[in-house]
2 protein chains.
Amino acid sequence: MDDPRAGPAPAADTRGRVLDVAEAMAQTRGFNGFSYADISAEVGITKASLHYHFRTKADLGRSLIARYRGAFRAALDAITASGGSALERLHAYVLLYASVVRDDRMCLCGMFAAEYRTLPAAMQEEIRGFFDENESWLAEQLDEGRRAGELAFDGLPRETAMILLGALEGMMLVARSYGDAARFEASAKRLIEDLRPG
Amino acid sequence: MDDPRAGPAPAADTRGRVLDVAEAMAQTRGFNGFSYADISAEVGITKASLHYHFRTKADLGRSLIARYRGAFRAALDAITASGGSALERLHAYVLLYASVVRDDRMCLCGMFAAEYRTLPAAMQEEIRGFFDENESWLAEQLDEGRRAGELAFDGLPRETAMILLGALEGMMLVARSYGDAARFEASAKRLIEDLRPG
DNA sequence: GTCTATAACGAGATAGAC
DNA sequence: GTCTATCTCGTTATAGAC
C-alpha cells in the first residue's frame with residue numbers, strides 16, 4: 001500500500017533518515033536555521049557520522065533539493081496520469097502545497113529562494129530548476145484547459161503559470177506566519193476557481 | 001526635493017546608517033544571513049560600537065521592522081492621498097514592490113516570514129502586523145473600487161487582498177532567484193489588470 | 001558506519017579605557 | 001560614542017580508533 005502523500009515514505013536507512021530530518025528542519029527553519037548538531041540530536045548519531053553520509057553541508061543541501069524535486073516530479077506525473085480535467089489537475093496541484101502547509105512547513109525551494117544569496121551555486125541551480133519544472137507543468141495544464149474551453153485567461157500559458165507558482169509560494173509564506181492552513185487552502189482554491197470561464 | 005522612492009533617505013547619523021546597511025543585508029540575505037561583523041565592516045565602526053546602538057541583534061531586528069513598517073505606512077498614505085482611482089492606487093502599490101525587486105531585494109517582512117520560526121517573538125509579532133496592515137489597506141482599495149464599478153471580484157475584499165499580498169510576496173521571492181525584475185513587473189501588472197470588470 | 005576528540009573559525013555579547 | 005581586548009558558545013569539518 002503506497003503512502004498517498006507527495007513526500008517520500010519515512011526512510012529506514014540512516015542516510016534516508018538524515019534526509020527526512022534535515023528536510024523537515026530546512027522547510028521549517030531554513031537552510032541557515034539548522035546545524036549538524038540539530039540533526040545529530042534527532043537522528044541519534046554523532047555529528048562526525050553525519051559527515052560520513054554528507055561530506056559538507058552544501059552536499060546535504062544539494063541532496064535535499066534533488067530528492068525533493070524527484071518526489072515532486074513523481075507527484076506531478078501521478079496527477080497528469082490520473083485522467084482528470086485540467087481544472088481538477090490544478091486543484092490536485094494545490095493539494096500538494098496544502099499538505100505542506102498543514103505540516104507547518106514551507107515549500108523547500110520557496111524557503112531556499114529566500115536564502116538564495118547565501119547558498120552555494122550548485123543549490124541555486126537546483127532551485128531554479130524546480131521552479132522551471134513547476135512552471136512548465138502548470139503551463140501545460142493551463143494550455144490544455146484553455147483549448148478545451150474549460151479555463152479562461154489572457155496571454156501565454158507560461159505567464160499565468162508564473163503568477164500561479166508565485167502566488168502559491170507567497171500564500172504559503174504568509175499563511176505560515178499565522179499558522180493558518182485553512183487560510184491558505186481557501187485562498188488557493190479561489191485562485192484556481194478564478195480561472196473558470198465567465 | 002524629496003526622494004521619490006518608498007524607503008527612507010540615506011541616514012547621516014550612525015544609528016541610521018547602521019539601520020540602512022542592516023536593512024539591505026536583511027532584505028538580501030535574511031536575518032540569519034548577516035552578522036554584526038558584516039555591518040561593522042560596511043559602516044566602519046567596531047562590533048562593540050554596534051552593541052551601543054542596538055544592545056542585541058533581536059533589538060536591531062525589531063528596529064528594522066518598526067522602521068520598515070513606518071516607511072511603508074507613509075507610502076500607503078501617500079498613495080491614498082494622491083487622489084487616483086482604485087485601479088491606479090493598486091498599480092502604485094505594485095510599484096512599491098517593483099522598486100524593491102529592482103534593488104535586488106526581497107520585501108523585508110516576506111524575508112523574515114521565511115525565517116519566522118527562528119526569530120524572537122517580538123519580531124514575529126511585528127511581521128504579522130505588517131501583513132495585517134497591508135491586507136487592510138488593500139481590502140479598502142478593493143472595496144472602494146468594486147463599489148465604483150471599477151473593479152470586479154467575488155467574495156469579501158479581504159479575501160482577494162490576502163491573495164494579492166501573498167501573490168506579490170511570492171512573485172518577488174521567485175523572481176529574485178532569476179535576478180529578473182522585468183519578470184516580476186510583468187506578472188504583477190497582469191495580476192492587477194485581471195481585476196478589471198469583463 | 002559510527003565513535004571520541006579536536007581543530008579552526010565566526011557568532012553574539014561584555015568590560016572597561018579613552 | 002567608539003575603541004581594544006576578551007569571553008563563551010556554536011558552527012562546519014577532520015583525524016584516527018573501533
# chains A, B, ... in the order shown; residues from 1 in each chain; ligands from 1
>>> interface_residues(of="chain B", to="chain C", cutoff="8 Å", atoms="only C-alpha atoms (C1' of nucleotides)", output="number ranges by chain")
B: 35-36, 56-57
>>> interface_residues(of="chain B", to="chain A", cutoff="6 Å", atoms="only C-alpha atoms", output="PyMOL selection string")
chain B and resi 29+115+117+166-167+169-171
>>> write_last_selection(atoms="N, CA and C atoms", output="mmCIF file, in the first residue's frame")
data_model
loop_
_atom_site.group_PDB
_atom_site.id
_atom_site.type_symbol
_atom_site.label_atom_id
_atom_site.label_comp_id
_atom_site.auth_asym_id
_atom_site.auth_seq_id
_atom_site.Cartn_x
_atom_site.Cartn_y
_atom_site.Cartn_z
ATOM 1 N N ARG B 29 19.960 38.781 2.281
ATOM 2 C CA ARG B 29 20.471 37.518 2.808
ATOM 3 C C ARG B 29 19.643 36.955 3.957
ATOM 4 N N GLU B 115 11.966 33.026 7.647
ATOM 5 C CA GLU B 115 12.768 32.669 8.825
ATOM 6 C C GLU B 115 11.950 32.697 10.114
ATOM 7 N N ARG B 117 10.181 31.033 12.135
ATOM 8 C CA ARG B 117 10.337 30.117 13.255
ATOM 9 C C ARG B 117 11.638 30.292 14.031
ATOM 10 N N GLY B 166 -0.178 37.804 -0.862
ATOM 11 C CA GLY B 166 0.587 36.564 -0.987
ATOM 12 C C GLY B 166 1.228 36.443 -2.354
ATOM 13 N N ALA B 167 0.465 36.756 -3.380
ATOM 14 C CA ALA B 167 0.969 36.642 -4.747
ATOM 15 C C ALA B 167 2.164 37.561 -4.967
ATOM 16 N N GLU B 169 4.245 38.824 -2.721
ATOM 17 C CA GLU B 169 5.388 38.345 -1.942
ATOM 18 C C GLU B 169 6.036 37.145 -2.652
ATOM 19 N N GLY B 170 5.215 36.227 -3.089
ATOM 20 C CA GLY B 170 5.753 35.025 -3.727
ATOM 21 C C GLY B 170 6.387 35.307 -5.073
ATOM 22 N N MET B 171 5.805 36.206 -5.835
ATOM 23 C CA MET B 171 6.380 36.549 -7.138
ATOM 24 C C MET B 171 7.731 37.247 -6.975
#
>>> closest_residue(among="A:Gln141, A:Ser49, A:Thr14, A:Ser85", to="chain D", atoms="only C-alpha atoms (C1' of nucleotides)")
A:Ser49
>>> interface_residues(of="chain D", to="chain A", cutoff="10 Å", atoms="only C-alpha atoms (C1' of nucleotides)", output="PDB file with N, CA and C atoms (P, O5', C5', C4', C3', O3' and C1' of nucleotides), in the first residue's frame")
ATOM      1  P    DG D  10      26.107  26.497  22.960  1.00  0.00           P
ATOM      2  O5'  DG D  10      26.140  26.646  21.374  1.00  0.00           O
ATOM      3  C5'  DG D  10      25.618  27.810  20.760  1.00  0.00           C
ATOM      4  C4'  DG D  10      25.964  27.792  19.277  1.00  0.00           C
ATOM      5  C3'  DG D  10      25.750  26.433  18.606  1.00  0.00           C
ATOM      6  O3'  DG D  10      25.132  26.645  17.353  1.00  0.00           O
ATOM      7  C1'  DG D  10      28.003  27.136  18.331  1.00  0.00           C
ATOM      8  P    DT D  11      24.736  25.492  16.387  1.00  0.00           P
ATOM      9  O5'  DT D  11      25.788  25.502  15.191  1.00  0.00           O
ATOM     10  C5'  DT D  11      25.932  26.692  14.386  1.00  0.00           C
ATOM     11  C4'  DT D  11      27.175  26.585  13.543  1.00  0.00           C
ATOM     12  C3'  DT D  11      27.365  25.220  12.884  1.00  0.00           C
ATOM     13  O3'  DT D  11      26.685  25.185  11.648  1.00  0.00           O
ATOM     14  C1'  DT D  11      29.443  26.127  13.738  1.00  0.00           C
ATOM     15  P    DT D  12      26.550  23.803  10.918  1.00  0.00           P
ATOM     16  O5'  DT D  12      27.922  23.596  10.131  1.00  0.00           O
ATOM     17  C5'  DT D  12      28.378  24.592   9.213  1.00  0.00           C
ATOM     18  C4'  DT D  12      29.815  24.294   8.831  1.00  0.00           C
ATOM     19  C3'  DT D  12      30.013  22.955   8.120  1.00  0.00           C
ATOM     20  O3'  DT D  12      30.824  23.182   6.972  1.00  0.00           O
ATOM     21  C1'  DT D  12      31.483  23.103   9.985  1.00  0.00           C
ATOM     22  P    DA D  13      31.149  21.948   5.940  1.00  0.00           P
ATOM     23  O5'  DA D  13      32.422  21.263   6.587  1.00  0.00           O
ATOM     24  C5'  DA D  13      33.615  22.025   6.719  1.00  0.00           C
ATOM     25  C4'  DA D  13      34.658  21.214   7.459  1.00  0.00           C
ATOM     26  C3'  DA D  13      34.840  19.774   6.956  1.00  0.00           C
ATOM     27  O3'  DA D  13      36.103  19.684   6.304  1.00  0.00           O
ATOM     28  C1'  DA D  13      34.879  19.918   9.345  1.00  0.00           C
ATOM     29  P    DT D  14      36.581  18.310   5.624  1.00  0.00           P
ATOM     30  O5'  DT D  14      37.585  17.747   6.740  1.00  0.00           O
ATOM     31  C5'  DT D  14      38.548  18.632   7.299  1.00  0.00           C
ATOM     32  C4'  DT D  14      39.396  17.893   8.307  1.00  0.00           C
ATOM     33  C3'  DT D  14      39.820  16.480   7.897  1.00  0.00           C
ATOM     34  O3'  DT D  14      41.221  16.349   8.143  1.00  0.00           O
ATOM     35  C1'  DT D  14      38.820  16.438  10.030  1.00  0.00           C
TER      36       DT D  14
END
>>> atom_distance(atom1="CA of Ala121 in chain B", atom2="CA of Trp137 in chain B")
24.6 Å
>>> select_by_dssp(residues="range 29-70 of chain A", states="helix (DSSP H, G or I)", output="JSON, numbers by chain")
{"A": [29, 31, 32, 33, 36, 37, 38, 39, 40, 41, 42, 43, 47, 48, 49, 50, 51, 52, 53, 57, 58, 59, 60, 61, 62, 63, 64, 65, 66, 67, 68, 69, 70]}
>>> write_last_selection(atoms="N, CA and C atoms", output="mmCIF file, in the first residue's frame")
data_model
loop_
_atom_site.group_PDB
_atom_site.id
_atom_site.type_symbol
_atom_site.label_atom_id
_atom_site.label_comp_id
_atom_site.auth_asym_id
_atom_site.auth_seq_id
_atom_site.Cartn_x
_atom_site.Cartn_y
_atom_site.Cartn_z
ATOM 1 N N ARG A 29 12.806 25.944 9.290
ATOM 2 C CA ARG A 29 13.710 26.974 9.796
ATOM 3 C C ARG A 29 14.668 27.522 8.734
ATOM 4 N N PHE A 31 17.686 26.766 5.480
ATOM 5 C CA PHE A 31 18.964 26.053 5.398
ATOM 6 C C PHE A 31 19.959 26.606 6.417
ATOM 7 N N ASN A 32 19.890 27.899 6.692
ATOM 8 C CA ASN A 32 20.784 28.512 7.677
ATOM 9 C C ASN A 32 20.215 28.444 9.094
ATOM 10 N N GLY A 33 19.102 27.762 9.235
ATOM 11 C CA GLY A 33 18.418 27.734 10.518
ATOM 12 C C GLY A 33 18.575 26.434 11.277
ATOM 13 N N TYR A 36 24.337 20.642 11.903
ATOM 14 C CA TYR A 36 24.610 19.211 12.043
ATOM 15 C C TYR A 36 24.299 18.744 13.466
ATOM 16 N N ALA A 37 24.519 19.602 14.419
ATOM 17 C CA ALA A 37 24.227 19.241 15.819
ATOM 18 C C ALA A 37 22.731 18.981 15.998
ATOM 19 N N ASP A 38 21.907 19.793 15.357
ATOM 20 C CA ASP A 38 20.457 19.611 15.448
ATOM 21 C C ASP A 38 20.046 18.255 14.870
ATOM 22 N N ILE A 39 20.573 17.957 13.687
ATOM 23 C CA ILE A 39 20.249 16.678 13.050
ATOM 24 C C ILE A 39 20.736 15.529 13.913
ATOM 25 N N SER A 40 21.963 15.668 14.378
ATOM 26 C CA SER A 40 22.583 14.648 15.217
ATOM 27 C C SER A 40 21.687 14.265 16.389
ATOM 28 N N ALA A 41 21.168 15.289 17.066
ATOM 29 C CA ALA A 41 20.330 15.059 18.245
ATOM 30 C C ALA A 41 19.074 14.282 17.885
ATOM 31 N N GLU A 42 18.502 14.600 16.732
ATOM 32 C CA GLU A 42 17.226 13.992 16.373
ATOM 33 C C GLU A 42 17.382 12.592 15.790
ATOM 34 N N VAL A 43 18.441 12.402 15.007
ATOM 35 C CA VAL A 43 18.634 11.100 14.357
ATOM 36 C C VAL A 43 19.278 10.098 15.314
ATOM 37 N N LYS A 47 27.689 14.008 15.117
ATOM 38 C CA LYS A 47 27.950 14.934 14.016
ATOM 39 C C LYS A 47 28.970 14.353 13.046
ATOM 40 N N ALA A 48 30.013 13.728 13.612
ATOM 41 C CA ALA A 48 31.062 13.148 12.763
ATOM 42 C C ALA A 48 30.489 12.108 11.818
ATOM 43 N N SER A 49 29.537 11.312 12.321
ATOM 44 C CA SER A 49 28.929 10.280 11.471
ATOM 45 C C SER A 49 28.126 10.911 10.342
ATOM 46 N N LEU A 50 27.530 12.047 10.626
ATOM 47 C CA LEU A 50 26.764 12.725 9.575
ATOM 48 C C LEU A 50 27.685 13.086 8.407
ATOM 49 N N HIS A 51 28.918 13.475 8.752
ATOM 50 C CA HIS A 51 29.857 13.860 7.697
ATOM 51 C C HIS A 51 30.258 12.667 6.824
ATOM 52 N N TYR A 52 30.060 11.468 7.345
ATOM 53 C CA TYR A 52 30.314 10.289 6.513
ATOM 54 C C TYR A 52 29.277 10.223 5.386
ATOM 55 N N HIS A 53 28.026 10.518 5.722
ATOM 56 C CA HIS A 53 26.945 10.434 4.725
ATOM 57 C C HIS A 53 26.906 11.657 3.809
ATOM 58 N N LYS A 57 27.914 20.453 4.341
ATOM 59 C CA LYS A 57 26.511 20.841 4.443
ATOM 60 C C LYS A 57 25.960 21.195 3.059
ATOM 61 N N ALA A 58 26.827 21.713 2.200
ATOM 62 C CA ALA A 58 26.399 22.003 0.826
ATOM 63 C C ALA A 58 25.974 20.718 0.122
ATOM 64 N N ASP A 59 26.717 19.629 0.373
ATOM 65 C CA ASP A 59 26.339 18.324 -0.188
ATOM 66 C C ASP A 59 24.950 17.928 0.291
ATOM 67 N N LEU A 60 24.747 18.068 1.582
ATOM 68 C CA LEU A 60 23.440 17.752 2.157
ATOM 69 C C LEU A 60 22.352 18.592 1.481
ATOM 70 N N GLY A 61 22.642 19.869 1.306
ATOM 71 C CA GLY A 61 21.682 20.768 0.672
ATOM 72 C C GLY A 61 21.311 20.317 -0.737
ATOM 73 N N ARG A 62 22.318 19.962 -1.517
ATOM 74 C CA ARG A 62 22.048 19.511 -2.884
ATOM 75 C C ARG A 62 21.211 18.238 -2.890
ATOM 76 N N SER A 63 21.566 17.309 -2.018
ATOM 77 C CA SER A 63 20.816 16.047 -1.924
ATOM 78 C C SER A 63 19.370 16.311 -1.530
ATOM 79 N N LEU A 64 19.195 17.264 -0.635
ATOM 80 C CA LEU A 64 17.860 17.630 -0.165
ATOM 81 C C LEU A 64 16.986 18.087 -1.346
ATOM 82 N N ILE A 65 17.526 19.016 -2.140
ATOM 83 C CA ILE A 65 16.732 19.527 -3.253
ATOM 84 C C ILE A 65 16.515 18.458 -4.303
ATOM 85 N N ALA A 66 17.570 17.675 -4.581
ATOM 86 C CA ALA A 66 17.447 16.629 -5.609
ATOM 87 C C ALA A 66 16.325 15.664 -5.253
ATOM 88 N N ARG A 67 16.294 15.235 -3.995
ATOM 89 C CA ARG A 67 15.248 14.295 -3.597
ATOM 90 C C ARG A 67 13.885 14.952 -3.652
ATOM 91 N N TYR A 68 13.826 16.215 -3.211
ATOM 92 C CA TYR A 68 12.552 16.954 -3.213
ATOM 93 C C TYR A 68 12.021 17.101 -4.638
ATOM 94 N N ARG A 69 12.903 17.449 -5.551
ATOM 95 C CA ARG A 69 12.495 17.580 -6.953
ATOM 96 C C ARG A 69 11.989 16.258 -7.497
ATOM 97 N N GLY A 70 12.670 15.172 -7.155
ATOM 98 C CA GLY A 70 12.257 13.855 -7.622
ATOM 99 C C GLY A 70 10.862 13.501 -7.126
#
>>> atom_distance(atom1="CA of Ala24 in chain A", atom2="CA of Glu185 in chain A")
20.8 Å
